[in-house]
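Colleague: If you scroll down you'll find the structure; I have some questions about it.
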There are 2 protein chains.
Amino acid sequence: MIYNAPIKDMLFLLKECFGLDTLRALPGNEELDADLLEAVLEEAGKFCSTELLAINQGGDQHGAVHADGKVTTPPGFKEAYAKFIGNGWTGIDANPEHGGQGLPKMLHVLIDEMLGATNLAFKLYAELSRGAYHLLENTACAEIRARYLPNMVAGTWSGTMCLTEPHCGTDLGLLTTKAVPAGDGSYKISGSKIFITSGDHDLTENILHLVIARIAGAPPGTRGISLFLVPKILVNDDGSLGERNAVVTASIEHKMGIRGSATCALNFEDATGYLIGEENRGMAAMFRMMNIERLTVGMQGLGFAEIAYQNALAYALDRQQSKAPAPRPDAGKAADPIIYQPEVKRQLLTMRAQIEGARALAVYTAMHADIMEKSADPEAAADAKNTVALLTPVIKSFFTDLGMSSTLSAQQIYGGHGYIREHGMEQLVRDCRITPIYEGTNEVQALDLVSRKLTGDTGELADRFFAECLAFAKQNADAATATAMQHLIEATAWLRERHEADDAAVRGAAVQYLRLFALAIIGCMWTRTVAAANGKQGAFYTTKRKLARFYRDRILPETASLLATITGGGAAVADFAVADFSN
Amino acid sequence: MIYNAPIKDMLFLLKECFGLDTLRALPGNEELDADLLEAVLEEAGKFCSTELLAINQGGDQHGAVHADGKVTTPPGFKEAYAKFIGNGWTGIDANPEHGGQGLPKMLHVLIDEMLGATNLAFKLYAELSRGAYHLLENTACAEIRARYLPNMVAGTWSGTMCLTEPHCGTDLGLLTTKAVPAGDGSYKISGSKIFITSGDHDLTENILHLVIARIAGAPPGTRGISLFLVPKILVNDDGSLGERNAVVTASIEHKMGIRGSATCALNFEDATGYLIGEENRGMAAMFRMMNIERLTVGMQGLGFAEIAYQNALAYALDRQQSKAPAPRPDAGKAADPIIYQPEVKRQLLTMRAQIEGARALAVYTAMHADIMEKSADPEAAADAKNTVALLTPVIKSFFTDLGMSSTLSAQQIYGGHGYIREHGMEQLVRDCRITPIYEGTNEVQALDLVSRKLTGDTGELADRFFAECLAFAKQNADAATATAMQHLIEATAWLRERHEADDAAVRGAAVQYLRLFALAIIGCMWTRTVAAANGKQGAFYTTKRKLARFYRDRILPETASLLATITGGGAAVADFAVADFSN
């Protein structure tokens with residue numbers, strides 16, 4: 001397996017496509033310059049393509065192990081983690097007040113892509129911890145922040161998100177984990193949580209579980225859920241580690257992939273927990289964190305697509321099989337490299353044109369996440385917040401779907417060699433497969449988009465965004481993207497008309513609408529890319545223009561069919577009753 | 001995991017949709033009746049859903065093992081195989097002369113579907129053997145047929161296909177395995193073969209390898225390839241087992257799935273082999289076998305889709321999560337079964353509408369395979385042969401793609417529970433993943449379709465077939481299918497115009513053309529289905545009509561985009577040079 005961080009493309013997006021000026025205009029970012037960003041990306045790329053890639057296959061084969069009440073990470077994970085925190089990677093976008101480096105999200109998403117590409121199982125030990133850090137930073141009181149956050153930023157303590165229970169995943173309103181006031185300001189937490197990523201492991205001295213539970217007497221559903229901090233090891237007033245808390249690792253899951261990541265079933269047996277934020281307001285705090293996490297999961301999908309593409313390209317250049325169509329590269333040979341087969345080229349271009357367009361969308365969205373957090377202009381911050389809210393479900397779903405289609409396509413290019421362990425391609429498929437499932441399935445993302453994001457403030461923002469994209473496409477003579485945007489606008493109107501009266505039709509169209517949305521908007525990112533490359537000479541820019549053309553000619557036409565399916569297909573689902581399935 | 005063989009639908013296709021009369025009109029089939037076919041299907045279904053399904057998960061976890069020079073199948077495989085051959089399943093469509101039952105392909109494809117659904121790893125031990133049997137039956141001399149075939153039909157001996165070498169898979173013209181005349185009429189075979197399914201195992205007393213190799217002095221490429229029978233254990237003149245032949249199992253592969261199937265690397269070290277058919281005509285004989293095998297692989301894909309659908313349906317009926325859109329099935333509950341979510345219903349219907357349409361296409365094609373083999377009318381036999389040749393790559397590709405999309409969709413419906421081993425859904429994805437790869441990748445199938453099947457006799461047949469389908473759709477007021485057929489006809493004309501002058505454009509459009517072909521033709525199968533259900537009362541027929549509508553409204557619209565992509569997208573691939581990939 002090879003991996004070369006696509007830094008040239010990343011810098012093009014940061015410097016030429018979206019402009020560093022926007023970032024630098026934000027309070028606290030005055031010192032950011034291109035050299036710093038480049039240096040950080042280079043370092044991240046080096047760490048990922050050497051340290052993390054090297055232990056990725058072994059991590060899969062060995063897996064995390066649960067024995068004698070302890071969870072052990074695969075060989076090499078401890079050493080790599082020590083270097084990882086030693087280099088400060090756990091604090092990249094954390095608050096300098098807690099030892100973080102306060103670097104922008106616009107940079108962090110690109111590091112997320114690299115980590116996801118080279119070793120997702122490893123990344124997850126730090127990733128959920130980062131989510132827990134941001135949640136505590138936003139929600140916890142000053143005392144808890146001071147006691148817990150510096151060690152999280154340093155990476156010597158890690159965090160988890162304990163949401164799912166055996167009978168509830170998507171619908172957390174059903175949860176039954178209980179919290180009872182202990183009388184000293186703390187609570188006793190009891191219940192079983194499953195699918196807890198990094199729920200137990202040997203990489204950090206302590207693990208801080210963020211647990212949602214219901215305080216006795218709280219309302220049913222999501223309005224009665226509170227959030228608690230439940231450390232694996234209790235922390236004394238002086239910050240030192242105290243007694244073991246009553247959190248028991250029942251088992252770890254045997255999974256299709258990310259086998260180096262310990263996915264735990266945890267039992268809380270009157271464990272000591274501290275309320276974070278207000279009673280019964282746990283879901284709101286958790287959702288804030290989940291939204292950041294959803295962007296991150298999208299970047300995992302993009303990372304998988306990128307590493308799949310790179311390896312498939314290398315294989316296609318090397319593997320000689322059958323003759324290419326005329327003119328052959330070397331007519332004297334018995335066979336040509338398979339990259340000369342137009343179908344192989346088409347598959348590689350399908351990956352790459354989507355990957356680069358998606359990466360542009362990621363940087364665009366992360367730029368708005370930075371504006372949302374730091375802008376002194378309340379209107380700009382509000383618009384940015386709505387932009388992030390609108391695009392987050394699209395990125396989570398479309399990018400992870402792209403991860404799947406790309407890893408499957410790369411495996412296909414390897415032929416039989418892609419099906420055996422040796423080349424690592426089948427592991428990419430297995431590891432990537434979790435990304436459309438966790439952090440809210442892609443279907444849940446699509447429902448979020450159609451049910452919550454097309455009305456109110458985000459809906460108003462969407463209309464402006466669509467209109468700007470359409471105008472920009474027309475202005476740049478990008479007819480294919482303009483057509484796709486018109487399809488998106490038409491589909492949006494169709495959904496809105498049914499929003500109140502025919503909720504079932506809206507929900508039944510959600511997944512195909514999200515796909516139409518993503519294809520059209522990524523078309524707009526290609527319009528921007530071509531505009532940024534306009535008038536510039538050199539192979540890099542010429543190739544960008546060719547990729548844009550491929551995207552328009554071979555990928556965008558799908559929006560027409562999606563529109564027809566959405567607007568013509570509601571009744572076919574509605575008229576099929578659940579009882580009909582038994583016929 | 002559950003599995004109920006879809007016998008009702010199978011019988012509908014055999015009895016009501018395509019008519020048993022066609023079968024019974026063929027010489028040797030006079031005795032066939034619906035009761036016999038039903039009884040065989042019932043027995044097969046029972047065997048698959050009990051014996052084979054029971055050992056499928058264990059087979060995956062244990063895997064085939066290579067140790068001390070021996071290959072051992074997973075626990076339970078030996079016992080199941082003994083019952084399997086005891087019941088005569090290895091001889092279903094074999095010649096009665098060798099102990100077979102001579103039943104039609106139209107029945108056999110449906111049994112293939114059931115076996116593929118419930119335990120592909122197990123099925124493969126018998127499947128390649130069946131291919132080898134048919135190859136020998138068609139190509140070998142009377143002496144070899146008499147000596148080897150009865151034991152193959154009885155299942156006490158099995159067969160393999162030894163084609164692939166480390167440096168050649170798709171392009172077998174590159175093979176280097178050598179054959180040298182031994183002077184006694186036999187040959188000495190030397191070389192290394194990889195990816196040999198059932199290349200070694202403990203289920204049968206002997207294994208008959210069909211090996212392609214080059215006789216010293218033969219022309220290069222595929223015109224210099226000969227076919228040899230190389231038994232693992234040499235067979236004496238009296239038919240008893242003699243000495244061990246010089247065939248060595250070097251290793252077995254560690255694969256993504258079908259782990260219970262032993263995929264071997266075999267070394268032939270001056271092994272004794274017997275020429276089958278004429279010198280240098282090995283590829284023609286092998287291709288005949290491969291075409292049958294490609295239909296069979298298509299049925300594996302369909303089997304995966306069916307079992308994935310059945311389990312996802314059961315889970316969706318059982319799992320309660322979130323509230324359904326109004327009117328809710330039980331407003332008093334905190335959550336409804338997820339099948340009431342329109343998106344879940346849409347995914348289930350997407351599987352089922354394609355599965356039932358595909359099954360109709362399979363039965364239609366198998367009917368032509370029976371006509372091709374048995375018809376006394378040479379014109380009908382020739383037409384049938386061309387029909388099978390035309391549809392075989394479509395079935396192999398589209399059905400295995402359907403297997404993948406359906407197993408992935410089913411896994412998605414299970415959410416996080418689909419990603420862990422326990423429920424078996426992730427195994428379905430891993431096992432199914434080989435089907436778009438082996439027996440000629442789906443891309444190779446698409447090239448076969450566009451490069452060889454649209455001209456000459458099959459091309460002429462295709463035109464008639466398309467015209468009939470279009471007329472039938474119009475006659476039945478099936479506008480959606482008529483439109484899809486027009487897209488297919490237009491895309492076909494576009495390809496033919498470029499067949500000579502722009503081979504690269506044709507090859508680059510191959511995969512999307514095959515998909516357009518399959519979607520349109522399966523639309524025609526739905527026209528036929530609805531016509532067969534016409535005027536009939538009852539839930540079964542009403543449901544068929546609803547599924548047809550779903551297929552037309554929600555699946556067929558894709559053909560418009562495929563047509564646009566094919567006809568508008570040639571230059572985007574051609575203009576992207578291989579060198580551009582390094583930019």
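How things are named: the first chain in the structure tokens is A, the next is B, and so on; residues count from 1 in each chain; ligands count from 1 in the order shown.
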Could you pull out the helix (DSSP H, G or I) residues of segment 62-203 of chain B from DSSP and send them as a ChimeraX atom specification?
Modeller: /B:62,77-86,89-91,96-98,105-139,142-154,172-174
Colleague: Give as a PyMOL selection string every residue of chain B that touches chain A within 6 Å, counting only C-alpha atoms.
Modeller: chain B and resi 171+254-256+321-322+325+342-343+415+419-421+437+504+507-508+540+550+553-554+557-558+561+565+569+572+583
Colleague: For the structure I just gave you, how does DSSP split segment 68-305 of chain A - specifically, which residues are strand (DSSP E or B)? Reply as a PyMOL selection string.
Modeller: chain A and resi 70-72+157-162+165+168+178-181+187-197+206-215+226-231+233-235+241-244+247-252+255+263-276
Colleague: Tell me, in Å to one decimal, how far atom CA of Gly59 of chain B is from atom CA of Phe122 of chain B.
Modeller: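 Computing it gives 8.4 Å between the two atoms.
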Colleague: Quick one: residues within 7 Å of segment 86-101 of chain B, only C-alpha atoms, excluding same-chain residues fewer than 3 positions away - as a PyMOL selection string?
Modeller: chain B and resi 82-83+104-105+108+126+149-150+153-155
Colleague: Create the file for the chosen residues now, containing N, CA and C atoms and written as a PDB file, in the first residue's frame.
Modeller:
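Saved to selection.pdb:
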ATOM      1  N   ALA B  82     -21.637 -35.106   1.876  1.00  0.00           N
ATOM      2  CA  ALA B  82     -22.090 -36.505   1.753  1.00  0.00           C
ATOM      3  C   ALA B  82     -23.598 -36.550   1.499  1.00  0.00           C
ATOM      4  N   LYS B  83     -24.331 -35.716   2.222  1.00  0.00           N
ATOM      5  CA  LYS B  83     -25.786 -35.669   1.991  1.00  0.00           C
ATOM      6  C   LYS B  83     -26.093 -35.094   0.609  1.00  0.00           C
ATOM      7  N   PRO B 104     -33.712 -29.811 -16.931  1.00  0.00           N
ATOM      8  CA  PRO B 104     -33.379 -28.634 -17.748  1.00  0.00           C
ATOM      9  C   PRO B 104     -32.612 -27.547 -16.984  1.00  0.00           C
ATOM     10  N   LYS B 105     -31.900 -26.713 -17.758  1.00  0.00           N
ATOM     11  CA  LYS B 105     -31.192 -25.547 -17.209  1.00  0.00           C
ATOM     12  C   LYS B 105     -32.175 -24.586 -16.534  1.00  0.00           C
ATOM     13  N   HIS B 108     -32.246 -25.708 -13.275  1.00  0.00           N
ATOM     14  CA  HIS B 108     -30.948 -25.673 -12.599  1.00  0.00           C
ATOM     15  C   HIS B 108     -30.549 -24.279 -12.166  1.00  0.00           C
ATOM     16  N   ALA B 126     -18.809 -27.972  -5.593  1.00  0.00           N
ATOM     17  CA  ALA B 126     -19.532 -28.740  -6.616  1.00  0.00           C
ATOM     18  C   ALA B 126     -19.655 -27.966  -7.934  1.00  0.00           C
ATOM     19  N   LEU B 149     -16.362 -39.514 -16.082  1.00  0.00           N
ATOM     20  CA  LEU B 149     -17.589 -38.761 -15.833  1.00  0.00           C
ATOM     21  C   LEU B 149     -18.544 -39.354 -14.791  1.00  0.00           C
ATOM     22  N   PRO B 150     -18.732 -40.663 -14.762  1.00  0.00           N
ATOM     23  CA  PRO B 150     -19.689 -41.175 -13.772  1.00  0.00           C
ATOM     24  C   PRO B 150     -19.334 -40.779 -12.338  1.00  0.00           C
ATOM     25  N   VAL B 153     -20.300 -37.136 -11.800  1.00  0.00           N
ATOM     26  CA  VAL B 153     -21.741 -36.967 -11.632  1.00  0.00           C
ATOM     27  C   VAL B 153     -22.159 -37.453 -10.244  1.00  0.00           C
ATOM     28  N   ALA B 154     -21.546 -38.539  -9.805  1.00  0.00           N
ATOM     29  CA  ALA B 154     -21.860 -39.063  -8.470  1.00  0.00           C
ATOM     30  C   ALA B 154     -21.316 -38.153  -7.370  1.00  0.00           C
ATOM     31  N   GLY B 155     -20.328 -37.315  -7.734  1.00  0.00           N
ATOM     32  CA  GLY B 155     -19.776 -36.376  -6.762  1.00  0.00           C
ATOM     33  C   GLY B 155     -18.655 -36.964  -5.922  1.00  0.00           C
TER      34      GLY B 155
END
Colleague: Using only C-alpha atoms, can you tell me which of A:Ala462, A:Val248, A:Cys162, A:Met10 comes closest to Val450 of chain A?
Modeller: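 Of all the options, A:Ala462 lies closest to Val450 of chain A.
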Colleague: Within 9 Å of Ala216 of chain B, counting only C-alpha atoms, which residues show up once you throw out same-chain ones fewer than 3 positions away? Write them as an MDAnalysis selection string, please.
Modeller: chainID B and resid 178:181
Colleague: As an exercise, work out the distance from atom CA of Ala246 of chain A to atom CA of Met283 of chain A in Å and give it to one decimal place.
Modeller: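 Distance between the two atoms: 23.8 Å.
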Colleague: I'd like the interatomic distance between atom CA of Ala520 of chain B and atom CA of Gly301 of chain B, to a tenth of an Å.
Modeller: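 That distance, rounded to one decimal, is 19.0 Å.
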